[in-house]
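Source file protein02.txt; content: compact mmCIF, C-alpha atoms and all ligand atoms.
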```
# COMPACT_ATOMS: atom_id res chain seq x y z
CA MET A 3 49.30 -41.27 54.71
CA ALA A 4 45.72 -41.85 55.77
CA LEU A 5 43.06 -44.27 54.58
CA ILE A 6 39.87 -42.38 53.91
CA VAL A 7 36.43 -43.64 52.96
CA GLN A 8 34.38 -41.05 51.10
CA LYS A 9 30.69 -41.40 50.34
CA TYR A 10 29.08 -39.22 47.68
CA GLY A 11 25.28 -38.92 47.73
CA GLY A 12 22.83 -38.79 44.84
CA THR A 13 23.00 -35.06 44.16
CA SER A 14 26.79 -35.18 44.23
CA VAL A 15 26.77 -37.71 41.37
CA GLY A 16 23.55 -36.44 39.76
CA THR A 17 25.06 -35.55 36.37
CA ILE A 18 28.08 -36.55 34.32
CA GLU A 19 29.62 -33.18 35.12
CA ARG A 20 29.21 -33.82 38.83
CA ILE A 21 30.67 -37.31 38.54
CA GLU A 22 33.70 -35.74 36.86
CA ASN A 23 33.88 -33.23 39.71
CA VAL A 24 33.90 -36.14 42.20
CA ALA A 25 36.71 -37.77 40.18
CA ASP A 26 38.77 -34.56 40.49
CA LYS A 27 38.14 -34.36 44.22
CA VAL A 28 39.09 -37.99 44.78
CA ILE A 29 42.29 -37.56 42.77
CA GLY A 30 43.08 -34.47 44.85
CA TRP A 31 43.03 -36.64 48.00
CA ARG A 32 45.15 -39.31 46.35
CA ASP A 33 47.68 -36.73 45.18
CA ARG A 34 48.04 -35.61 48.79
CA GLY A 35 49.23 -39.15 49.54
CA HIS A 36 46.06 -40.74 50.88
CA GLN A 37 44.46 -44.06 50.06
CA VAL A 38 40.85 -43.52 49.06
CA VAL A 39 37.85 -45.83 49.01
CA VAL A 40 34.80 -44.20 47.46
CA VAL A 41 31.17 -45.19 47.99
CA VAL A 42 28.58 -43.74 45.65
CA SER A 43 24.81 -43.50 45.63
CA ALA A 44 22.67 -43.75 42.53
CA MET A 45 22.29 -40.53 40.51
CA SER A 46 19.69 -38.32 42.21
CA GLY A 47 16.13 -39.36 41.46
CA GLU A 48 17.18 -42.72 40.06
CA THR A 49 16.10 -44.87 43.02
CA ASP A 50 12.70 -43.14 43.01
CA ARG A 51 12.42 -43.67 39.26
CA LEU A 52 13.11 -47.39 39.64
CA ILE A 53 10.56 -47.69 42.45
CA GLY A 54 8.06 -45.93 40.19
CA LEU A 55 8.64 -48.49 37.43
CA ALA A 56 7.87 -51.40 39.76
CA LYS A 57 4.87 -49.65 41.31
CA GLY A 58 3.55 -49.17 37.80
CA ILE A 59 3.16 -52.93 37.70
CA THR A 60 1.88 -53.62 41.21
CA ALA A 61 1.40 -51.80 44.52
CA ARG A 62 3.30 -54.46 46.45
CA PRO A 63 6.22 -55.69 44.34
CA GLU A 64 8.16 -58.74 45.44
CA PRO A 65 10.87 -57.50 47.91
CA ARG A 66 13.60 -59.71 46.44
CA GLU A 67 13.01 -58.38 42.94
CA MET A 68 12.89 -54.80 44.24
CA ASP A 69 16.43 -55.23 45.52
CA VAL A 70 17.61 -56.63 42.19
CA LEU A 71 16.03 -53.58 40.56
CA LEU A 72 17.17 -50.88 43.00
CA SER A 73 20.76 -52.05 43.16
CA THR A 74 21.18 -51.18 39.48
CA GLY A 75 21.15 -47.44 40.28
CA GLU A 76 24.42 -47.62 42.18
CA GLN A 77 25.96 -49.99 39.64
CA VAL A 78 25.67 -47.24 37.03
CA THR A 79 27.50 -44.66 39.16
CA ILE A 80 30.41 -46.89 40.20
CA ALA A 81 31.15 -47.61 36.56
CA LEU A 82 30.83 -43.96 35.47
CA LEU A 83 33.07 -42.74 38.27
CA CYS A 84 35.73 -45.34 37.44
CA ILE A 85 35.55 -44.36 33.77
CA ALA A 86 36.09 -40.72 34.81
CA LEU A 87 39.01 -41.67 37.06
CA GLU A 88 40.69 -43.81 34.42
CA LYS A 89 40.27 -41.03 31.85
CA ARG A 90 42.35 -38.89 34.20
CA GLY A 91 45.04 -41.56 34.33
CA CYS A 92 44.08 -42.68 37.82
CA PRO A 93 43.87 -46.45 38.27
CA ALA A 94 40.48 -47.37 39.70
CA ARG A 95 38.30 -50.41 40.15
CA SER A 96 34.56 -50.63 40.74
CA TYR A 97 32.88 -53.14 43.03
CA THR A 98 29.22 -53.96 43.49
CA GLY A 99 28.20 -54.86 47.05
CA GLY A 100 28.27 -58.54 46.14
CA GLN A 101 31.73 -58.26 44.58
CA VAL A 102 33.23 -56.76 47.73
CA ARG A 103 31.15 -59.21 49.57
CA ILE A 104 29.26 -56.99 51.84
CA LEU A 105 27.45 -59.79 53.56
CA THR A 106 23.98 -58.94 54.90
CA ASP A 107 21.04 -60.77 56.42
CA ASN A 108 18.22 -61.59 54.03
CA ALA A 109 15.75 -58.87 55.06
CA PHE A 110 15.16 -57.54 51.54
CA ASN A 111 14.74 -53.75 51.30
CA LYS A 112 16.13 -53.21 54.82
CA ALA A 113 19.01 -55.65 55.14
CA ARG A 114 21.63 -55.30 57.85
CA ILE A 115 25.33 -55.62 57.18
CA GLU A 116 26.88 -58.58 58.99
CA ASP A 117 30.38 -58.70 57.55
CA VAL A 118 32.63 -57.03 54.98
CA GLU A 119 35.44 -58.85 53.19
CA ILE A 120 38.44 -56.59 52.83
CA ALA A 121 41.21 -58.74 51.29
CA ALA A 122 40.58 -57.72 47.66
CA MET A 123 40.20 -54.04 48.55
CA ARG A 124 43.44 -54.10 50.55
CA ASP A 125 45.18 -55.60 47.53
CA ASP A 126 43.88 -52.92 45.20
CA LEU A 127 44.81 -50.15 47.63
CA ALA A 128 48.33 -51.57 47.92
CA GLN A 129 48.58 -51.37 44.13
CA GLY A 130 47.65 -47.70 44.19
CA ARG A 131 44.10 -48.07 42.91
CA ILE A 132 41.11 -46.03 43.95
CA ILE A 133 38.28 -48.34 44.94
CA VAL A 134 34.74 -47.38 44.05
CA VAL A 135 32.01 -49.33 45.81
CA ALA A 136 28.28 -49.31 45.13
CA GLY A 137 26.45 -48.01 48.18
CA PHE A 138 23.15 -49.27 49.58
CA GLN A 139 23.63 -52.90 48.56
CA GLY A 140 24.97 -56.21 49.73
CA VAL A 141 24.49 -59.89 49.27
CA ASP A 142 23.01 -62.50 51.59
CA LYS A 143 24.61 -65.85 52.33
CA ASP A 144 22.67 -67.46 49.47
CA GLY A 145 23.92 -64.94 46.94
CA ASN A 146 20.74 -62.85 46.73
CA ILE A 147 21.20 -59.13 46.15
CA THR A 148 19.95 -57.11 49.11
CA THR A 149 19.53 -53.37 49.77
CA LEU A 150 19.95 -51.52 53.04
CA GLY A 151 16.96 -49.17 53.16
CA ARG A 152 16.64 -45.61 51.83
CA GLY A 153 19.76 -43.57 52.46
CA GLY A 154 21.69 -46.81 52.92
CA SER A 155 24.83 -45.69 51.11
CA ASP A 156 25.79 -43.80 54.27
CA THR A 157 25.82 -47.13 56.08
CA THR A 158 27.91 -48.75 53.34
CA GLY A 159 30.46 -45.96 53.80
CA VAL A 160 30.64 -46.42 57.54
CA ALA A 161 30.74 -50.21 57.33
CA LEU A 162 33.68 -50.08 54.89
CA ALA A 163 35.45 -47.54 57.08
CA ALA A 164 34.97 -49.79 60.12
CA ALA A 165 36.14 -52.93 58.30
CA LEU A 166 39.18 -51.20 56.79
CA LYS A 167 39.90 -49.32 60.03
CA ALA A 168 39.91 -46.11 58.02
CA ASP A 169 41.15 -42.90 59.57
CA GLU A 170 37.92 -41.11 58.69
CA CYS A 171 34.62 -41.69 56.97
CA GLN A 172 33.59 -38.59 55.02
CA ILE A 173 29.97 -38.23 53.93
CA TYR A 174 29.85 -35.75 51.03
CA THR A 175 26.42 -34.33 50.36
CA ASP A 176 24.60 -31.23 49.12
CA VAL A 177 24.89 -29.30 52.41
CA ASP A 178 28.17 -28.46 54.13
CA GLY A 179 27.47 -30.26 57.39
CA VAL A 180 24.85 -31.06 59.98
CA TYR A 181 22.78 -28.01 60.80
CA THR A 182 20.64 -27.06 63.78
CA THR A 183 17.73 -28.03 61.55
CA ASP A 184 17.14 -28.67 57.85
CA PRO A 185 18.59 -25.53 56.22
CA ARG A 186 16.06 -25.89 53.41
CA VAL A 187 13.27 -25.17 55.89
CA VAL A 188 15.03 -22.65 58.12
CA PRO A 189 17.54 -20.54 56.17
CA GLU A 190 18.91 -19.20 59.49
CA ALA A 191 19.90 -22.73 60.56
CA ARG A 192 23.51 -22.90 61.75
CA ARG A 193 26.12 -25.50 60.85
CA LEU A 194 27.39 -27.41 63.87
CA ASN A 195 31.14 -27.98 64.11
CA ARG A 196 30.48 -31.07 66.17
CA ILE A 197 27.57 -33.13 67.33
CA THR A 198 27.64 -36.20 69.59
CA PHE A 199 26.72 -39.65 68.33
CA GLU A 200 23.79 -39.73 70.75
CA GLU A 201 22.39 -36.45 69.46
CA MET A 202 22.99 -37.40 65.83
CA LEU A 203 21.28 -40.72 66.44
CA GLU A 204 18.23 -38.93 67.83
CA MET A 205 18.25 -36.37 65.00
CA ALA A 206 18.46 -39.16 62.40
CA SER A 207 15.82 -41.33 64.01
CA LEU A 208 13.50 -38.34 64.38
CA GLY A 209 13.68 -37.49 60.70
CA SER A 210 16.89 -35.60 59.82
CA LYS A 211 17.73 -37.46 56.65
CA VAL A 212 21.23 -36.05 56.34
CA LEU A 213 22.56 -39.37 57.69
CA GLN A 214 20.85 -42.74 57.66
CA ILE A 215 20.24 -43.77 61.27
CA ARG A 216 22.01 -47.09 60.85
CA SER A 217 25.17 -45.37 59.68
CA VAL A 218 25.28 -43.36 62.90
CA GLU A 219 24.62 -46.45 65.02
CA PHE A 220 27.33 -48.34 63.18
CA ALA A 221 29.86 -45.53 63.47
CA GLY A 222 29.19 -45.13 67.19
CA LYS A 223 29.50 -48.84 67.83
CA HIS A 224 32.70 -49.27 65.83
CA ASN A 225 34.29 -45.98 66.76
CA VAL A 226 34.44 -44.67 63.19
CA PRO A 227 35.30 -40.97 62.98
CA LEU A 228 32.45 -39.62 60.87
CA ARG A 229 32.27 -36.25 59.13
CA VAL A 230 29.56 -34.66 56.98
CA LEU A 231 30.84 -32.30 54.26
CA SER A 232 29.74 -30.62 51.05
CA SER A 233 30.68 -31.98 47.63
CA PHE A 234 30.36 -28.50 46.20
CA GLN A 235 32.32 -26.27 48.55
CA GLU A 236 35.37 -26.52 50.80
CA GLY A 237 34.91 -26.45 54.55
CA PRO A 238 35.41 -28.36 57.78
CA GLY A 239 31.91 -29.87 57.81
CA THR A 240 30.53 -31.45 60.96
CA LEU A 241 32.34 -34.06 63.01
CA ILE A 242 30.20 -36.64 64.79
CA THR A 243 31.93 -37.29 68.06
CA PHE A 244 31.71 -38.84 71.51
CA GLU A 245 30.45 -36.82 74.44
CA GLU A 246 33.78 -37.06 76.30
CA ALA A 247 35.51 -35.32 73.42
CA LEU A 248 33.03 -32.47 73.69
CA GLU A 249 33.61 -32.05 77.38
CA ALA A 250 37.05 -30.70 76.62
CA GLU A 251 35.26 -27.93 74.72
CA PRO A 252 32.44 -26.79 76.97
CA MET A 253 31.69 -23.91 74.61
CA GLU A 254 30.08 -26.38 72.30
CA LYS A 255 27.76 -27.82 74.94
CA GLU A 256 24.40 -26.40 74.22
CA LEU A 257 20.97 -26.90 75.70
CA ILE A 258 19.38 -27.81 72.38
CA SER A 259 21.52 -28.92 69.46
CA GLY A 260 18.86 -29.27 66.87
CA ILE A 261 15.31 -29.62 65.65
CA ALA A 262 14.33 -32.68 63.68
CA PHE A 263 11.06 -33.31 61.92
CA ASN A 264 9.36 -36.08 60.09
CA ARG A 265 6.48 -36.09 57.67
CA ASP A 266 6.60 -39.84 57.18
CA GLU A 267 4.26 -40.84 59.98
CA ALA A 268 0.51 -41.32 60.20
CA LYS A 269 -1.76 -41.52 63.22
CA LEU A 270 -4.38 -44.14 64.03
CA THR A 271 -6.97 -43.97 66.80
CA VAL A 272 -9.17 -46.67 68.25
CA LEU A 273 -12.13 -44.90 69.83
CA GLY A 274 -14.24 -46.12 72.71
CA VAL A 275 -12.42 -49.33 73.64
CA PRO A 276 -13.20 -50.90 77.03
CA ASP A 277 -10.51 -49.76 79.50
CA ARG A 278 -9.37 -53.09 80.87
CA PRO A 279 -6.00 -54.75 81.43
CA GLY A 280 -4.57 -56.13 78.22
CA ILE A 281 -6.30 -53.70 75.88
CA ALA A 282 -3.06 -52.10 74.64
CA SER A 283 -1.61 -55.46 73.77
CA SER A 284 -4.84 -56.58 72.06
CA ILE A 285 -4.72 -53.49 69.86
CA LEU A 286 -1.01 -53.52 69.04
CA GLY A 287 -0.53 -57.31 68.92
CA PRO A 288 -2.01 -57.79 65.44
CA VAL A 289 -0.23 -54.64 64.21
CA SER A 290 3.19 -55.87 65.26
CA ALA A 291 2.37 -59.37 64.02
CA ALA A 292 2.12 -57.74 60.58
CA ASN A 293 5.66 -56.41 61.07
CA ILE A 294 4.48 -52.82 61.40
CA GLU A 295 6.56 -50.69 63.71
CA VAL A 296 4.71 -48.44 66.09
CA ASP A 297 6.28 -45.18 67.18
CA MET A 298 4.37 -42.90 69.56
CA ILE A 299 1.51 -44.20 71.69
CA ILE A 300 -1.01 -42.49 73.94
CA GLN A 301 -3.95 -43.84 75.84
CA ASN A 302 -6.46 -41.35 77.18
CA VAL A 303 -7.89 -41.27 80.69
CA SER A 304 -10.94 -43.48 80.65
CA TYR A 305 -14.41 -42.08 80.71
CA ASP A 306 -17.47 -44.28 81.26
CA GLY A 307 -15.16 -47.31 81.36
CA THR A 308 -13.99 -46.74 77.79
CA THR A 309 -10.92 -45.04 76.45
CA ASP A 310 -9.31 -43.85 73.18
CA PHE A 311 -6.01 -45.29 72.09
CA THR A 312 -3.80 -43.50 69.56
CA PHE A 313 -0.50 -44.49 67.97
CA THR A 314 1.65 -43.58 64.97
CA VAL A 315 3.20 -45.75 62.24
CA HIS A 316 5.23 -45.05 59.11
CA ARG A 317 3.00 -43.63 56.36
CA ASN A 318 3.81 -46.57 54.13
CA ASP A 319 2.23 -48.85 56.74
CA TYR A 320 -0.85 -46.72 57.31
CA GLU A 321 -3.29 -48.48 54.97
CA ARG A 322 -2.32 -51.91 56.24
CA ALA A 323 -2.52 -50.85 59.92
CA LEU A 324 -5.95 -49.30 59.34
CA GLU A 325 -7.19 -52.50 57.68
CA ILE A 326 -5.93 -54.55 60.61
CA LEU A 327 -7.63 -52.32 63.18
CA GLN A 328 -10.87 -52.38 61.19
CA GLU A 329 -10.77 -56.16 61.11
CA HIS A 330 -10.43 -56.15 64.91
CA THR A 331 -12.90 -53.39 65.82
CA ALA A 332 -15.61 -55.83 66.85
CA THR A 333 -13.38 -58.19 68.84
CA LEU A 334 -11.80 -55.25 70.64
CA GLY A 335 -15.27 -53.97 71.51
CA ALA A 336 -14.26 -50.58 70.10
CA ARG A 337 -16.70 -47.97 68.85
CA GLU A 338 -14.72 -47.04 65.76
CA VAL A 339 -11.29 -46.64 64.23
CA SER A 340 -10.04 -43.45 62.65
CA GLY A 341 -6.80 -42.27 61.07
CA ASP A 342 -4.96 -39.17 60.01
CA LEU A 343 -2.26 -38.98 57.36
CA LYS A 344 -1.72 -35.25 57.59
CA ILE A 345 0.39 -35.14 60.71
CA ALA A 346 4.04 -34.41 61.32
CA LYS A 347 6.40 -35.02 64.19
CA LEU A 348 8.60 -32.22 65.42
CA SER A 349 11.38 -32.84 67.94
CA LEU A 350 13.89 -30.87 69.97
CA VAL A 351 17.15 -32.75 70.54
CA GLY A 352 19.98 -31.90 72.94
CA MET A 353 22.20 -33.43 75.59
CA GLY A 354 21.87 -30.21 77.58
CA MET A 355 18.19 -31.01 78.22
CA ARG A 356 19.24 -33.65 80.74
CA SER A 357 20.16 -31.05 83.28
CA HIS A 358 17.61 -28.39 82.40
CA ALA A 359 14.00 -28.45 83.40
CA GLY A 360 11.65 -26.18 81.53
CA VAL A 361 12.55 -27.03 77.94
CA ALA A 362 9.24 -28.82 77.40
CA SER A 363 7.10 -26.05 78.83
CA LYS A 364 8.96 -23.44 76.77
CA MET A 365 8.46 -25.57 73.65
CA PHE A 366 4.73 -25.97 74.30
CA GLY A 367 4.42 -22.24 75.01
CA VAL A 368 6.08 -21.32 71.70
CA LEU A 369 3.77 -23.65 69.76
CA ALA A 370 0.71 -22.34 71.61
CA LYS A 371 1.64 -18.77 70.75
CA GLU A 372 1.58 -19.75 67.08
CA GLY A 373 -1.82 -21.39 67.57
CA ILE A 374 -0.41 -24.86 66.89
CA ASN A 375 -2.29 -27.66 68.60
CA ILE A 376 -0.22 -30.52 70.02
CA ARG A 377 -1.79 -33.90 69.32
CA MET A 378 0.74 -36.21 70.98
CA ILE A 379 3.85 -35.78 73.12
CA SER A 380 6.74 -38.08 73.93
CA THR A 381 9.96 -37.37 75.79
CA SER A 382 13.26 -38.99 76.60
CA GLU A 383 16.36 -37.76 78.38
CA ILE A 384 17.64 -35.90 75.34
CA LYS A 385 14.57 -35.21 73.20
CA ILE A 386 11.01 -33.94 73.23
CA SER A 387 8.74 -34.84 70.33
CA VAL A 388 5.29 -33.57 69.50
CA VAL A 389 2.85 -34.59 66.80
CA ILE A 390 1.09 -31.66 65.14
CA ASP A 391 -0.95 -31.05 61.99
CA GLU A 392 1.36 -31.26 58.99
CA LYS A 393 0.32 -27.86 57.69
CA TYR A 394 1.89 -26.17 60.74
CA LEU A 395 5.18 -28.02 60.57
CA GLU A 396 7.34 -25.35 58.94
CA LEU A 397 5.82 -22.62 61.09
CA GLY A 398 6.53 -24.67 64.22
CA VAL A 399 10.12 -25.46 63.25
CA ARG A 400 10.87 -21.82 62.49
CA ALA A 401 9.23 -20.53 65.67
CA LEU A 402 11.16 -22.99 67.85
CA HIS A 403 14.42 -22.33 66.04
CA GLU A 404 14.04 -18.66 66.80
CA ALA A 405 12.75 -19.03 70.37
CA PHE A 406 15.63 -21.31 71.35
CA GLU A 407 18.07 -19.01 69.52
CA LEU A 408 19.57 -21.86 67.56
CA ASP A 409 20.89 -19.47 64.96
CA LYS A 410 23.33 -18.12 67.54
CA ALA A 411 26.33 -20.08 68.76
CA ALA A 412 26.29 -20.66 72.55
P1 LIG A 501 22.52 -37.44 49.87
O1 LIG A 501 21.80 -37.66 48.60
O2 LIG A 501 23.85 -36.78 49.69
O3 LIG A 501 22.61 -38.68 50.72
P2 LIG A 501 20.35 -36.48 51.51
O4 LIG A 501 19.27 -35.80 50.77
O5 LIG A 501 20.14 -37.87 51.95
O6 LIG A 501 21.69 -36.35 50.66
O7 LIG A 501 20.74 -35.62 52.80
C1 LIG A 501 21.07 -34.27 52.70
C2 LIG A 501 19.84 -33.42 53.00
O8 LIG A 501 19.47 -33.59 54.36
C3 LIG A 501 20.07 -31.94 52.87
O9 LIG A 501 19.88 -31.52 51.56
C4 LIG A 501 19.04 -31.35 53.84
O10 LIG A 501 17.91 -30.85 53.16
C5 LIG A 501 18.61 -32.52 54.68
N1 LIG A 501 18.67 -32.28 56.12
C6 LIG A 501 17.69 -32.56 57.01
N2 LIG A 501 18.03 -32.20 58.24
C7 LIG A 501 19.28 -31.67 58.16
C8 LIG A 501 20.18 -31.12 59.13
N3 LIG A 501 19.86 -31.05 60.41
N4 LIG A 501 21.38 -30.67 58.69
C9 LIG A 501 21.71 -30.75 57.38
N5 LIG A 501 20.90 -31.27 56.43
C10 LIG A 501 19.69 -31.72 56.80
N1 LIG A 502 20.08 -44.65 46.29
C1 LIG A 502 19.54 -45.01 47.59
C2 LIG A 502 18.42 -44.08 47.99
O1 LIG A 502 18.07 -43.20 47.22
C3 LIG A 502 20.60 -45.08 48.64
C4 LIG A 502 21.28 -43.78 48.98
O2 LIG A 502 21.24 -42.83 48.21
O3 LIG A 502 21.91 -43.72 50.05
O4 LIG A 502 17.85 -44.21 49.04
MG MG A 503 21.27 -39.62 52.03
```

This structure in structure tokens:
Amino acid sequence: MALIVQKYGGTSVGTIERIENVADKVIGWRDRGHQVVVVVSAMSGETDRLIGLAKGITARPEPREMDVLLSTGEQVTIALLCIALEKRGCPARSYTGGQVRILTDNAFNKARIEDVEIAAMRDDLAQGRIIVVAGFQGVDKDGNITTLGRGGSDTTGVALAAALKADECQIYTDVDGVYTTDPRVVPEARRLNRITFEEMLEMASLGSKVLQIRSVEFAGKHNVPLRVLSSFQEGPGTLITFEEALEAEPMEKELISGIAFNRDEAKLTVLGVPDRPGIASSILGPVSAANIEVDMIIQNVSYDGTTDFTFTVHRNDYERALEILQEHTATLGAREVSGDLKIAKLSLVGMGMRSHAGVASKMFGVLAKEGINIRMISTSEIKISVVIDEKYLELGVRALHEAFELDKAA
């Protein structure tokens, strides 16, 4: 008998029919003798709908109240799934994040899980119940409802699996695993049988929304066996694993494992700033003081003692970052500030890159052949990212997928 945590995403619980399908699947696992803890997302589109309601009142709603609002989406699905399970004669009990006591910090809208109480869940499991927990939410030490950031139900699943020492955490979604790139953009994308935590972490942080980045971090740190599977079809899915495990299967070790992309960033440039020590910190200081995270940064070679300084931020932070830079243009001695929302970041990810020179130049060559201009570049041991015009994103992803032959198994 195994203890399994299963997380079902928004599409998987998007209609009553689909919730009933999840109930059947869960009962199937129980009938095979397993203990099952289920985490569900809100029905697809519901979180966006709720955000829309608040934004209809004000552009910057109070973060605490947003969490009270957004947590209702998942409360609906836990109840509906339990109703479907009970109808089938399967004892079940729903829990909100606060009822489990998924304790988080108090960073509303992006809270981090600090602790999970398991006594009540253990009790229920011992009595043969299926437990259904609301994803994406927790409670801070003062009893405030918190949420974990978009896609946060993945992290709830992993955190419960870690706390309960589950045998596996299964993330059920609308694709049957992690692919070489988003299969909705490249139909030739290939499902990976396995991917390492490091690669998955890069893919997630560079924009592959199939798993929330924090869930991958959490699983890696707590050694949770993590698998991505489809709610709609049978199959082995993709196992997220440690590098050592892959070494036993060298066939799987590929140069590039995937292509990630992200349309959520925007670019800001400060033009004609004096090129003197401290200029980078004078530009970015006020931006980070406003809690805005900066991603890629480039500073040009100076010309006439002045330089241009460009960086990217999340699109949601663009307006605020632009305002801040405009306020500081005079004190920085800059000529002007400009920005661009229509950019996208495209990244190649792969452990194999460590030992292979030439990946970057091949990547740049492929993009050049398509006439795609590279605006920014950043590299690490296992990834190369470029910023390009958003309109060329799909073309770039497809061209790279083909050039690096990602549709073919190594
Ligand atoms: P859920 O609602 O189940 O959490 P998400 O929409 O968050 O589902 O994540 C699944 C989606 O992730 C897929 O529909 C797919 O379009 C997208 N995706 C992006 N990159 C990848 C990738 N490399 N492999 C698989 N899916 C990906
Ligand atoms: N419902 C939340 C969202 O849409 C959390 C999740 O689905 O994981 O982001
Ligand atoms: Mg998701």

(request) Taking only C-alpha atoms and all ligand atoms into account, report as a PyMOL selection string which residues have an atom no farther than 9 Å from an atom of ligand LIG 502 (chain A). (result) chain A and resi 10-13+42-50+72-73+75-76+137-139+149-158+213-214

Store the residues picked out above in a file with C-alpha atoms, as a short mmCIF file (atom, residue, chain, number, x, y, z; two decimals), keeping the file's coordinate frame.
```cif
data_model
loop_
_atom_site.label_atom_id
_atom_site.label_comp_id
_atom_site.auth_asym_id
_atom_site.auth_seq_id
_atom_site.Cartn_x
_atom_site.Cartn_y
_atom_site.Cartn_z
CA TYR A 10 29.08 -39.22 47.68
CA GLY A 11 25.28 -38.92 47.73
CA GLY A 12 22.83 -38.79 44.84
CA THR A 13 23.00 -35.06 44.16
CA VAL A 42 28.58 -43.74 45.65
CA SER A 43 24.81 -43.50 45.63
CA ALA A 44 22.67 -43.75 42.53
CA MET A 45 22.29 -40.53 40.51
CA SER A 46 19.69 -38.32 42.21
CA GLY A 47 16.13 -39.36 41.46
CA GLU A 48 17.18 -42.72 40.06
CA THR A 49 16.10 -44.87 43.02
CA ASP A 50 12.70 -43.14 43.01
CA LEU A 72 17.17 -50.88 43.00
CA SER A 73 20.76 -52.05 43.16
CA GLY A 75 21.15 -47.44 40.28
CA GLU A 76 24.42 -47.62 42.18
CA GLY A 137 26.45 -48.01 48.18
CA PHE A 138 23.15 -49.27 49.58
CA GLN A 139 23.63 -52.90 48.56
CA THR A 149 19.53 -53.37 49.77
CA LEU A 150 19.95 -51.52 53.04
CA GLY A 151 16.96 -49.17 53.16
CA ARG A 152 16.64 -45.61 51.83
CA GLY A 153 19.76 -43.57 52.46
CA GLY A 154 21.69 -46.81 52.92
CA SER A 155 24.83 -45.69 51.11
CA ASP A 156 25.79 -43.80 54.27
CA THR A 157 25.82 -47.13 56.08
CA THR A 158 27.91 -48.75 53.34
CA LEU A 213 22.56 -39.37 57.69
CA GLN A 214 20.85 -42.74 57.66
#
```

Starting from 6 Å padding per side, set up an axis-aligned box that covers all listed atoms of ligand LIG 501 (chain A) and hand over centre and edge lengths in Å, one decimal, as lines of an AutoDock Vina configuration file.
```
center_x = 20.8
center_y = -34.7
center_z = 54.5
size_x = 18.2
size_y = 20.0
size_z = 23.8
```

Do you know which residues are at most 8 Å from stretch 345-352 of chain A counting only C-alpha atoms, after dropping those on the same chain fewer than 6 positions away, and could you put them as a PDB file with C-alpha atoms, in the frame of the given file?
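Generated file (around-v1.pdb):
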```
ATOM      1  CA  GLU A 201      22.390 -36.450  69.460  1.00  0.00           C
ATOM      2  CA  GLU A 204      18.230 -38.930  67.830  1.00  0.00           C
ATOM      3  CA  MET A 205      18.250 -36.370  65.000  1.00  0.00           C
ATOM      4  CA  LEU A 208      13.500 -38.340  64.380  1.00  0.00           C
ATOM      5  CA  GLU A 256      24.400 -26.400  74.220  1.00  0.00           C
ATOM      6  CA  LEU A 257      20.970 -26.900  75.700  1.00  0.00           C
ATOM      7  CA  ILE A 258      19.380 -27.810  72.380  1.00  0.00           C
ATOM      8  CA  SER A 259      21.520 -28.920  69.460  1.00  0.00           C
ATOM      9  CA  GLY A 260      18.860 -29.270  66.870  1.00  0.00           C
ATOM     10  CA  ILE A 261      15.310 -29.620  65.650  1.00  0.00           C
ATOM     11  CA  ALA A 262      14.330 -32.680  63.680  1.00  0.00           C
ATOM     12  CA  PHE A 263      11.060 -33.310  61.920  1.00  0.00           C
ATOM     13  CA  ASN A 264       9.360 -36.080  60.090  1.00  0.00           C
ATOM     14  CA  ARG A 265       6.480 -36.090  57.670  1.00  0.00           C
ATOM     15  CA  ASP A 266       6.600 -39.840  57.180  1.00  0.00           C
ATOM     16  CA  GLU A 267       4.260 -40.840  59.980  1.00  0.00           C
ATOM     17  CA  ALA A 268       0.510 -41.320  60.200  1.00  0.00           C
ATOM     18  CA  LYS A 269      -1.760 -41.520  63.220  1.00  0.00           C
ATOM     19  CA  ILE A 384      17.640 -35.900  75.340  1.00  0.00           C
ATOM     20  CA  LYS A 385      14.570 -35.210  73.200  1.00  0.00           C
ATOM     21  CA  ILE A 386      11.010 -33.940  73.230  1.00  0.00           C
ATOM     22  CA  SER A 387       8.740 -34.840  70.330  1.00  0.00           C
ATOM     23  CA  VAL A 388       5.290 -33.570  69.500  1.00  0.00           C
ATOM     24  CA  VAL A 389       2.850 -34.590  66.800  1.00  0.00           C
ATOM     25  CA  ILE A 390       1.090 -31.660  65.140  1.00  0.00           C
ATOM     26  CA  ASP A 391      -0.950 -31.050  61.990  1.00  0.00           C
ATOM     27  CA  GLU A 392       1.360 -31.260  58.990  1.00  0.00           C
ATOM     28  CA  LYS A 393       0.320 -27.860  57.690  1.00  0.00           C
ATOM     29  CA  LEU A 395       5.180 -28.020  60.570  1.00  0.00           C
ATOM     30  CA  GLY A 398       6.530 -24.670  64.220  1.00  0.00           C
ATOM     31  CA  VAL A 399      10.120 -25.460  63.250  1.00  0.00           C
TER      32      VAL A 399
END
```

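Distance-wise, atom CA of A:Val160 and atom CA of A:Asp409 end up 29.6 Å apart.
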
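Residue nearest ligand MG 503 (chain A) within the list A:Glu404, A:Asp176, A:Glu295, A:Glu372: A:Asp176 [criterion: smallest interatomic distance, all atoms listed in the file].
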
(request) Fewer than 3 positions away in the same chain doesn't count, so skip those; otherwise give me all residues within 6 Å of stretch 97-114 of chain A, counting only C-alpha atoms, as a PyMOL selection string. (result) chain A and resi 65-66+117-119+135-136+139-142+148-151

(request) Find the spatial neighbours of stretch 320-325 of chain A, counting only C-alpha atoms, within a cut-off of 12 Å - ignore same-chain residues fewer than 6 positions away - and output them as number ranges by chain. (result) A: 61-62, 266-272, 285-296, 312-314, 331, 338-344

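Omitting A:Gly239 and its sequence neighbours fewer than 3 positions away, and counting only C-alpha atoms, the residues within 10 Å are Gln172, Ile173, Tyr174, Val177, Asp178, Gly179, Val180, Tyr181, Arg193, Leu194, Asn195, Arg196, Arg229, Val230, Leu231, Ser232, Gln235, Glu236 and Ile242 of chain A.
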